[in-house]
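A.B. asks: Okay, so here is query17.cif, and as you'll see once you scroll down, it has mmCIF, C-alpha atoms, pLDDT in the B column; chains and numbers go by the auth columns.
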```
data_structure
#
loop_
_atom_site.group_PDB
_atom_site.id
_atom_site.type_symbol
_atom_site.label_atom_id
_atom_site.label_comp_id
_atom_site.label_asym_id
_atom_site.label_seq_id
_atom_site.Cartn_x
_atom_site.Cartn_y
_atom_site.Cartn_z
_atom_site.B_iso_or_equiv
_atom_site.auth_seq_id
_atom_site.auth_asym_id
ATOM 1 C CA MET A 1 79.658 87.172 91.394 76.00 1 A
ATOM 2 C CA ASP A 2 82.483 87.005 93.932 91.00 2 A
ATOM 3 C CA GLN A 3 85.779 88.829 93.504 92.00 3 A
ATOM 4 C CA ARG A 4 87.828 85.658 92.954 93.00 4 A
ATOM 5 C CA ALA A 5 85.635 84.668 89.986 94.00 5 A
ATOM 6 C CA LEU A 6 85.913 88.179 88.544 94.00 6 A
ATOM 7 C CA VAL A 7 89.696 88.092 88.896 94.00 7 A
ATOM 8 C CA GLU A 8 89.856 84.703 87.191 94.00 8 A
ATOM 9 C CA ARG A 9 87.700 85.963 84.314 94.00 9 A
ATOM 10 C CA ALA A 10 89.749 89.153 84.004 94.00 10 A
ATOM 11 C CA ARG A 11 92.989 87.131 83.974 93.00 11 A
ATOM 12 C CA ARG A 12 91.631 85.346 80.905 92.00 12 A
ATOM 13 C CA GLY A 13 91.033 88.705 79.167 92.00 13 A
ATOM 14 C CA ASP A 14 87.430 89.503 80.145 93.00 14 A
ATOM 15 C CA HIS A 15 87.261 93.316 79.983 94.00 15 A
ATOM 16 C CA ASP A 16 83.835 93.443 81.635 95.00 16 A
ATOM 17 C CA ALA A 17 85.069 91.506 84.665 95.00 17 A
ATOM 18 C CA PHE A 18 88.049 93.845 84.997 95.00 18 A
ATOM 19 C CA ALA A 19 85.734 96.863 84.681 95.00 19 A
ATOM 20 C CA VAL A 20 83.724 95.579 87.661 95.00 20 A
ATOM 21 C CA LEU A 21 86.902 95.037 89.694 95.00 21 A
ATOM 22 C CA ALA A 22 88.210 98.493 88.787 94.00 22 A
ATOM 23 C CA GLY A 23 84.836 100.102 89.492 94.00 23 A
ATOM 24 C CA ASP A 24 84.774 98.553 92.956 93.00 24 A
ATOM 25 C CA ALA A 25 88.274 99.838 93.746 94.00 25 A
ATOM 26 C CA ILE A 26 88.525 103.202 91.996 94.00 26 A
ATOM 27 C CA ALA A 27 87.151 105.433 94.776 94.00 27 A
ATOM 28 C CA ARG A 28 89.432 103.795 97.360 93.00 28 A
ATOM 29 C CA LEU A 29 92.450 104.040 95.056 95.00 29 A
ATOM 30 C CA ASP A 30 91.744 107.675 94.209 95.00 30 A
ATOM 31 C CA ALA A 31 91.346 108.651 97.850 93.00 31 A
ATOM 32 C CA ALA A 32 94.567 106.879 98.838 93.00 32 A
ATOM 33 C CA ALA A 33 96.491 108.456 95.947 94.00 33 A
ATOM 34 C CA ARG A 34 95.195 111.925 96.841 93.00 34 A
ATOM 35 C CA LEU A 35 96.269 111.465 100.435 91.00 35 A
ATOM 36 C CA ILE A 36 99.746 110.312 99.455 91.00 36 A
ATOM 37 C CA LEU A 37 100.315 112.838 96.668 90.00 37 A
ATOM 38 C CA ARG A 38 98.239 115.809 97.913 88.00 38 A
ATOM 39 C CA ASP A 39 97.312 116.633 94.314 90.00 39 A
ATOM 40 C CA ARG A 40 93.936 115.669 92.852 92.00 40 A
ATOM 41 C CA GLU A 41 94.956 115.620 89.168 92.00 41 A
ATOM 42 C CA LEU A 42 98.211 113.822 89.788 93.00 42 A
ATOM 43 C CA ALA A 43 96.298 111.255 91.857 94.00 43 A
ATOM 44 C CA LYS A 44 93.902 110.636 88.962 95.00 44 A
ATOM 45 C CA ASP A 45 96.869 110.022 86.658 95.00 45 A
ATOM 46 C CA VAL A 46 98.445 107.593 89.127 96.00 46 A
ATOM 47 C CA VAL A 47 95.156 105.699 89.533 96.00 47 A
ATOM 48 C CA GLN A 48 94.796 105.434 85.770 96.00 48 A
ATOM 49 C CA ASP A 49 98.383 104.209 85.423 96.00 49 A
ATOM 50 C CA THR A 50 97.802 101.725 88.240 96.00 50 A
ATOM 51 C CA LEU A 51 94.700 100.290 86.566 96.00 51 A
ATOM 52 C CA LEU A 52 96.478 100.038 83.214 95.00 52 A
ATOM 53 C CA ARG A 53 99.363 98.226 84.847 95.00 53 A
ATOM 54 C CA ALA A 54 96.954 95.980 86.731 96.00 54 A
ATOM 55 C CA TRP A 55 95.235 94.994 83.483 95.00 55 A
ATOM 56 C CA ARG A 56 98.578 94.329 81.822 95.00 56 A
ATOM 57 C CA ASP A 57 100.064 92.373 84.740 95.00 57 A
ATOM 58 C CA LEU A 58 96.917 90.591 85.952 94.00 58 A
ATOM 59 C CA PRO A 59 97.757 87.281 84.250 92.00 59 A
ATOM 60 C CA GLY A 60 100.868 87.114 86.453 91.00 60 A
ATOM 61 C CA LEU A 61 98.939 87.519 89.728 91.00 61 A
ATOM 62 C CA ARG A 62 99.572 84.259 91.570 90.00 62 A
ATOM 63 C CA ASP A 63 96.808 84.462 94.174 92.00 63 A
ATOM 64 C CA PRO A 64 93.474 85.881 92.967 92.00 64 A
ATOM 65 C CA ASP A 65 92.342 86.224 96.600 92.00 65 A
ATOM 66 C CA ARG A 66 95.073 88.845 97.107 92.00 66 A
ATOM 67 C CA PHE A 67 93.832 91.088 94.268 94.00 67 A
ATOM 68 C CA ASP A 68 93.005 94.052 96.544 93.00 68 A
ATOM 69 C CA ALA A 69 96.351 93.884 98.351 91.00 69 A
ATOM 70 C CA TRP A 70 98.150 93.586 95.012 94.00 70 A
ATOM 71 C CA LEU A 71 96.242 96.579 93.619 95.00 71 A
ATOM 72 C CA ASN A 72 97.033 98.604 96.776 93.00 72 A
ATOM 73 C CA ARG A 73 100.705 97.795 96.328 93.00 73 A
ATOM 74 C CA LEU A 74 100.674 98.841 92.662 95.00 74 A
ATOM 75 C CA LEU A 75 99.007 102.133 93.591 95.00 75 A
ATOM 76 C CA THR A 76 101.254 102.893 96.553 94.00 76 A
ATOM 77 C CA ASN A 77 104.420 102.194 94.596 93.00 77 A
ATOM 78 C CA ALA A 78 103.189 104.300 91.662 94.00 78 A
ATOM 79 C CA ALA A 79 102.260 107.188 93.981 93.00 79 A
ATOM 80 C CA ILE A 80 105.596 107.118 95.805 91.00 80 A
ATOM 81 C CA ASP A 81 107.496 106.939 92.503 90.00 81 A
ATOM 82 C CA GLU A 82 105.511 109.887 91.144 90.00 82 A
ATOM 83 C CA ALA A 83 106.081 111.928 94.301 88.00 83 A
ATOM 84 C CA ARG A 84 109.812 111.297 94.070 85.00 84 A
ATOM 85 C CA ARG A 85 109.845 112.330 90.395 85.00 85 A
ATOM 86 C CA ARG A 86 108.022 115.551 91.206 79.00 86 A
ATOM 87 C CA ARG A 87 109.760 116.325 94.479 69.00 87 A
ATOM 88 C CA ARG A 88 110.778 119.796 93.319 52.00 88 A
ATOM 89 C CA ARG A 89 107.373 120.643 91.857 50.00 89 A
ATOM 90 C CA VAL A 90 105.231 122.961 93.962 49.00 90 A
ATOM 91 C CA ILE A 91 102.099 121.152 95.035 46.00 91 A
ATOM 92 C CA GLU A 92 98.942 123.002 95.891 51.00 92 A
ATOM 93 C CA VAL A 93 97.030 121.336 98.683 48.00 93 A
ATOM 94 C CA GLU A 94 93.270 121.259 98.396 54.00 94 A
ATOM 95 C CA LEU A 95 91.754 120.838 101.816 50.00 95 A
ATOM 96 C CA THR A 96 88.459 119.261 100.918 55.00 96 A
ATOM 97 C CA PRO A 97 87.100 116.242 102.740 54.00 97 A
ATOM 98 C CA ILE A 98 87.184 112.966 100.830 53.00 98 A
ATOM 99 C CA ASP A 99 83.877 111.749 102.235 56.00 99 A
ATOM 100 C CA ALA A 100 81.375 113.027 104.730 51.00 100 A
ATOM 101 C CA PRO A 101 83.142 114.121 107.898 51.00 101 A
ATOM 102 C CA ILE A 102 83.471 111.484 110.584 48.00 102 A
ATOM 103 C CA PRO A 103 82.194 112.636 113.975 50.00 103 A
ATOM 104 C CA ASP A 104 85.131 113.418 116.234 44.00 104 A
ATOM 105 C CA PRO A 105 84.746 111.689 119.608 45.00 105 A
ATOM 106 C CA ILE A 106 87.282 114.120 121.096 43.00 106 A
ATOM 107 C CA HIS A 107 85.623 117.173 119.549 45.00 107 A
ATOM 108 C CA GLY A 108 87.748 120.280 119.868 45.00 108 A
ATOM 109 C CA LEU A 109 91.022 118.516 120.688 43.00 109 A
ATOM 110 C CA PHE A 110 92.428 118.855 117.178 48.00 110 A
ATOM 111 C CA ASP A 111 91.193 120.893 114.291 61.00 111 A
ATOM 112 C CA THR A 112 91.031 119.053 110.953 72.00 112 A
ATOM 113 C CA ASP A 113 93.097 121.785 109.307 76.00 113 A
ATOM 114 C CA GLU A 114 95.878 121.296 111.855 81.00 114 A
ATOM 115 C CA ILE A 115 95.927 117.565 111.164 82.00 115 A
ATOM 116 C CA LEU A 116 95.961 118.088 107.397 82.00 116 A
ATOM 117 C CA ARG A 117 98.772 120.643 107.655 83.00 117 A
ATOM 118 C CA ALA A 118 100.802 118.295 109.847 87.00 118 A
ATOM 119 C CA PHE A 119 100.093 115.362 107.498 88.00 119 A
ATOM 120 C CA GLY A 120 101.156 117.459 104.502 86.00 120 A
ATOM 121 C CA ARG A 121 104.537 118.176 106.088 87.00 121 A
ATOM 122 C CA LEU A 122 105.436 114.487 106.294 90.00 122 A
ATOM 123 C CA PRO A 123 107.741 112.880 103.737 91.00 123 A
ATOM 124 C CA VAL A 124 105.962 110.746 101.156 91.00 124 A
ATOM 125 C CA ASP A 125 107.125 107.423 102.653 91.00 125 A
ATOM 126 C CA GLN A 126 105.608 108.380 106.019 92.00 126 A
ATOM 127 C CA ARG A 127 102.365 109.622 104.415 91.00 127 A
ATOM 128 C CA ALA A 128 102.124 106.314 102.543 92.00 128 A
ATOM 129 C CA VAL A 129 102.380 104.188 105.687 93.00 129 A
ATOM 130 C CA ILE A 130 99.766 106.338 107.466 91.00 130 A
ATOM 131 C CA VAL A 131 97.385 106.049 104.499 91.00 131 A
ATOM 132 C CA LEU A 132 97.817 102.272 104.333 91.00 132 A
ATOM 133 C CA ARG A 133 97.497 101.741 108.083 91.00 133 A
ATOM 134 C CA TYR A 134 94.810 104.230 109.083 87.00 134 A
ATOM 135 C CA TYR A 135 92.919 105.127 105.900 86.00 135 A
ATOM 136 C CA LEU A 136 92.901 101.739 104.152 87.00 136 A
ATOM 137 C CA ASP A 137 92.870 100.043 107.585 86.00 137 A
ATOM 138 C CA LEU A 138 95.550 97.509 106.709 89.00 138 A
ATOM 139 C CA PRO A 139 97.319 95.621 109.490 91.00 139 A
ATOM 140 C CA LEU A 140 100.880 96.866 109.842 92.00 140 A
ATOM 141 C CA ALA A 141 102.269 93.632 108.364 92.00 141 A
ATOM 142 C CA ASP A 142 100.117 94.112 105.240 90.00 142 A
ATOM 143 C CA ALA A 143 101.102 97.779 104.991 91.00 143 A
ATOM 144 C CA ALA A 144 104.764 96.741 105.166 92.00 144 A
ATOM 145 C CA ALA A 145 104.218 94.082 102.495 90.00 145 A
ATOM 146 C CA THR A 146 102.439 96.624 100.297 89.00 146 A
ATOM 147 C CA LEU A 147 105.398 98.979 100.581 90.00 147 A
ATOM 148 C CA GLY A 148 107.881 96.146 100.133 90.00 148 A
ATOM 149 C CA ILE A 149 109.645 96.910 103.425 93.00 149 A
ATOM 150 C CA PRO A 150 110.210 94.940 106.641 95.00 150 A
ATOM 151 C CA VAL A 151 107.564 95.251 109.367 94.00 151 A
ATOM 152 C CA GLY A 152 110.111 96.908 111.658 95.00 152 A
ATOM 153 C CA THR A 153 110.739 99.616 109.068 95.00 153 A
ATOM 154 C CA ALA A 154 106.993 100.172 108.699 94.00 154 A
ATOM 155 C CA LYS A 155 106.658 100.477 112.494 96.00 155 A
ATOM 156 C CA SER A 156 109.523 102.954 112.567 95.00 156 A
ATOM 157 C CA ARG A 157 108.055 105.058 109.742 94.00 157 A
ATOM 158 C CA LEU A 158 104.627 105.017 111.374 94.00 158 A
ATOM 159 C CA ASN A 159 106.109 106.058 114.723 94.00 159 A
ATOM 160 C CA ARG A 160 108.131 108.865 113.106 94.00 160 A
ATOM 161 C CA ALA A 161 105.063 110.002 111.159 93.00 161 A
ATOM 162 C CA VAL A 162 102.803 110.147 114.213 92.00 162 A
ATOM 163 C CA SER A 163 105.518 111.862 116.272 93.00 163 A
ATOM 164 C CA GLY A 164 106.143 114.325 113.455 91.00 164 A
ATOM 165 C CA MET A 165 102.452 115.136 113.174 90.00 165 A
ATOM 166 C CA ARG A 166 102.210 115.631 116.952 90.00 166 A
ATOM 167 C CA ALA A 167 105.238 117.936 116.930 89.00 167 A
ATOM 168 C CA ALA A 168 103.835 119.952 114.009 86.00 168 A
ATOM 169 C CA VAL A 169 100.445 120.387 115.727 84.00 169 A
ATOM 170 C CA ASP A 170 102.161 121.381 118.988 86.00 170 A
ATOM 171 C CA ALA A 171 104.428 123.864 117.164 85.00 171 A
ATOM 172 C CA ASP A 172 101.438 125.406 115.399 81.00 172 A
ATOM 173 C CA ALA A 173 99.585 125.674 118.712 79.00 173 A
ATOM 174 C CA ARG A 174 102.573 127.372 120.387 83.00 174 A
ATOM 175 C CA ALA A 175 102.929 129.755 117.459 82.00 175 A
ATOM 176 C CA MET A 176 99.289 130.747 117.836 77.00 176 A
ATOM 177 C CA GLY A 177 99.587 131.115 121.614 72.00 177 A
ATOM 178 C CA ALA A 178 97.335 128.122 122.338 58.00 178 A
ATOM 179 C CA PRO A 179 98.252 125.324 124.738 58.00 179 A
ATOM 180 C CA ALA A 180 100.005 122.359 123.135 53.00 180 A
ATOM 181 C CA ALA A 181 97.903 119.292 122.326 53.00 181 A
ATOM 182 C CA GLY A 182 99.727 116.932 124.678 53.00 182 A
ATOM 183 C CA GLY A 183 100.412 119.577 127.335 50.00 183 A
ATOM 184 C CA GLY A 184 99.517 118.946 130.944 47.00 184 A
ATOM 185 C CA ALA A 185 98.309 121.354 133.599 42.00 185 A
#
```
Mind turning this structure into structure tokens?
C.D. replies:
Amino acid sequence: MDQRALVERARRGDHDAFAVLAGDAIARLDAAARLILRDRELAKDVVQDTLLRAWRDLPGLRDPDRFDAWLNRLLTNAAIDEARRRRRRVIEVELTPIDAPIPDPIHGLFDTDEILRAFGRLPVDQRAVIVLRYYLDLPLADAAATLGIPVGTAKSRLNRAVSGMRAAVDADARAMGAPAAGGGA
């Protein structure tokens, strides 16, 4: 059964149809929440809250073909709200891969730990745009719509995030006496 039919059935109160939709999305939602929040248990709570809200608000979804984008938006907003509420809470970062490692075509240029450390230093709004653009592979316009911001703001946040990550990796490399990532001869 296609997703549109499942959404239509779930909108009419079919729990089984919603369970299929949630089952198809839960791994993606959990991974995105963990990347944004950097806390496995908090991410699970946000995913659960997102799915509860989705069930509650599903009858109001105007376009069933946009279910995934709508669900991404619910999750991203919930994760950002939770991060803001817990801003002063110390977060322990668990550096475990989400899936099997992807072969690095530029092997040795950057170490995964350096990237994760640099990513972890970003503010939550910048982490969110990176997750939407590069992890969930959304076009920038869709990432902006998901965050409820103009495309120009999304571009700016993405640019600041990438620049911030580059600067953090370069600073770490200088601190360890290694050449900077973007350094020339």
A.B. asks: For Glu8 in chain A, which of A:Leu21, A:Leu29, A:Ala175, A:Leu52 is the closest residue, counting all atoms listed in the file?
C.D. replies: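 Nearest candidate to Glu8 in chain A out of A:Leu21, A:Leu29, A:Ala175, A:Leu52: A:Leu21.
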A.B. asks: Kindly assemble as JSON lines a list of the range 18-38 of chain A residues that lie within 8 Å of range 114-130 of chain A, each paired with its nearest atom pair and their distance in Å to one decimal, using all atoms listed in the file, sorted first by chain and then by ascending residue number.
C.D. replies:
```
{"residue": "A:Leu35", "atom": "CA", "partner": "A:Arg127", "partner_atom": "CA", "distance": 7.5}
{"residue": "A:Ile36", "atom": "CA", "partner": "A:Ala128", "partner_atom": "CA", "distance": 5.6}
{"residue": "A:Leu37", "atom": "CA", "partner": "A:Val124", "partner_atom": "CA", "distance": 7.5}
{"residue": "A:Arg38", "atom": "CA", "partner": "A:Gly120", "partner_atom": "CA", "distance": 7.4}
```
A.B. asks: Can you give me, as JSON, numbers by chain, the residues this file yields under the PyMOL selection byres ((chain A and resi 70) around 12)?
C.D. replies: {"A": [7, 25, 29, 50, 51, 53, 54, 55, 57, 58, 60, 61, 62, 63, 64, 65, 66, 67, 68, 69, 71, 72, 73, 74, 75, 76, 77, 142, 143, 145, 146, 147, 148]}
A.B. asks: Mind pulling up the distance from CA of Leu132 in chain A to CA of Leu6 in chain A?
C.D. replies: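 Result for CA of Leu6 in chain A versus CA of Leu132 in chain A: 24.3 Å, one decimal.
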A.B. asks: At what distance in Å, to one decimal, does CA of Ala79 in chain A lie from CA of Arg157 in chain A?
C.D. replies: 16.9 Å
A.B. asks: Nearest to Arg133 in chain A among A:Met1, A:Arg56, A:Gly177, A:Ala32, with distances taken over only C-alpha atoms: which residue is it?
C.D. replies: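 Among the listed residues, the smallest separation from Arg133 in chain A belongs to A:Ala32.
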A.B. asks: Provide the CA of Ala154 in chain A to CA of Tyr134 in chain A distance in Å, to one decimal place.
C.D. replies: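 It comes out at 12.8 Å.
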A.B. asks: Is it possible to get the axis-aligned box enclosing range 136-139 of chain A (all listed atoms, 4 Å extra per side) as lines of an AutoDock Vina configuration file, with centre and edge lengths in Å rounded to one decimal?
C.D. replies:
```
center_x = 95.1
center_y = 98.7
center_z = 106.8
size_x = 12.4
size_y = 14.1
size_z = 13.3
```
A.B. asks: Can you tell me, as an MDAnalysis selection string, what residues are no more than 9 Å from Asp30 in chain A when counting all atoms listed in the file, ignoring any on the same chain fewer than 3 positions away?
C.D. replies: chainID A and resid 25:27 33:35 40 43:44 46:47
A.B. asks: A:Asp170, A:Val20, A:Asp2, A:Leu140: which is nearest Ser156 in chain A, counting only C-alpha atoms?
C.D. replies: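 Of the candidates, the smallest distance to Ser156 in chain A is held by A:Leu140.
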A.B. asks: Which one of A:Lys155, A:Arg9, A:Met165, A:Asp49 sits closest to Pro139 in chain A if you count all atoms listed in the file?
C.D. replies: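 Of the candidates, the smallest distance to Pro139 in chain A is held by A:Lys155.
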A.B. asks: Between A:Ala17, A:Arg12, A:Ala171, A:Ala5, which has the minimum distance to Pro59 in chain A (counting all atoms listed in the file)?
C.D. replies: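 Of all the options, A:Arg12 lies closest to Pro59 in chain A.
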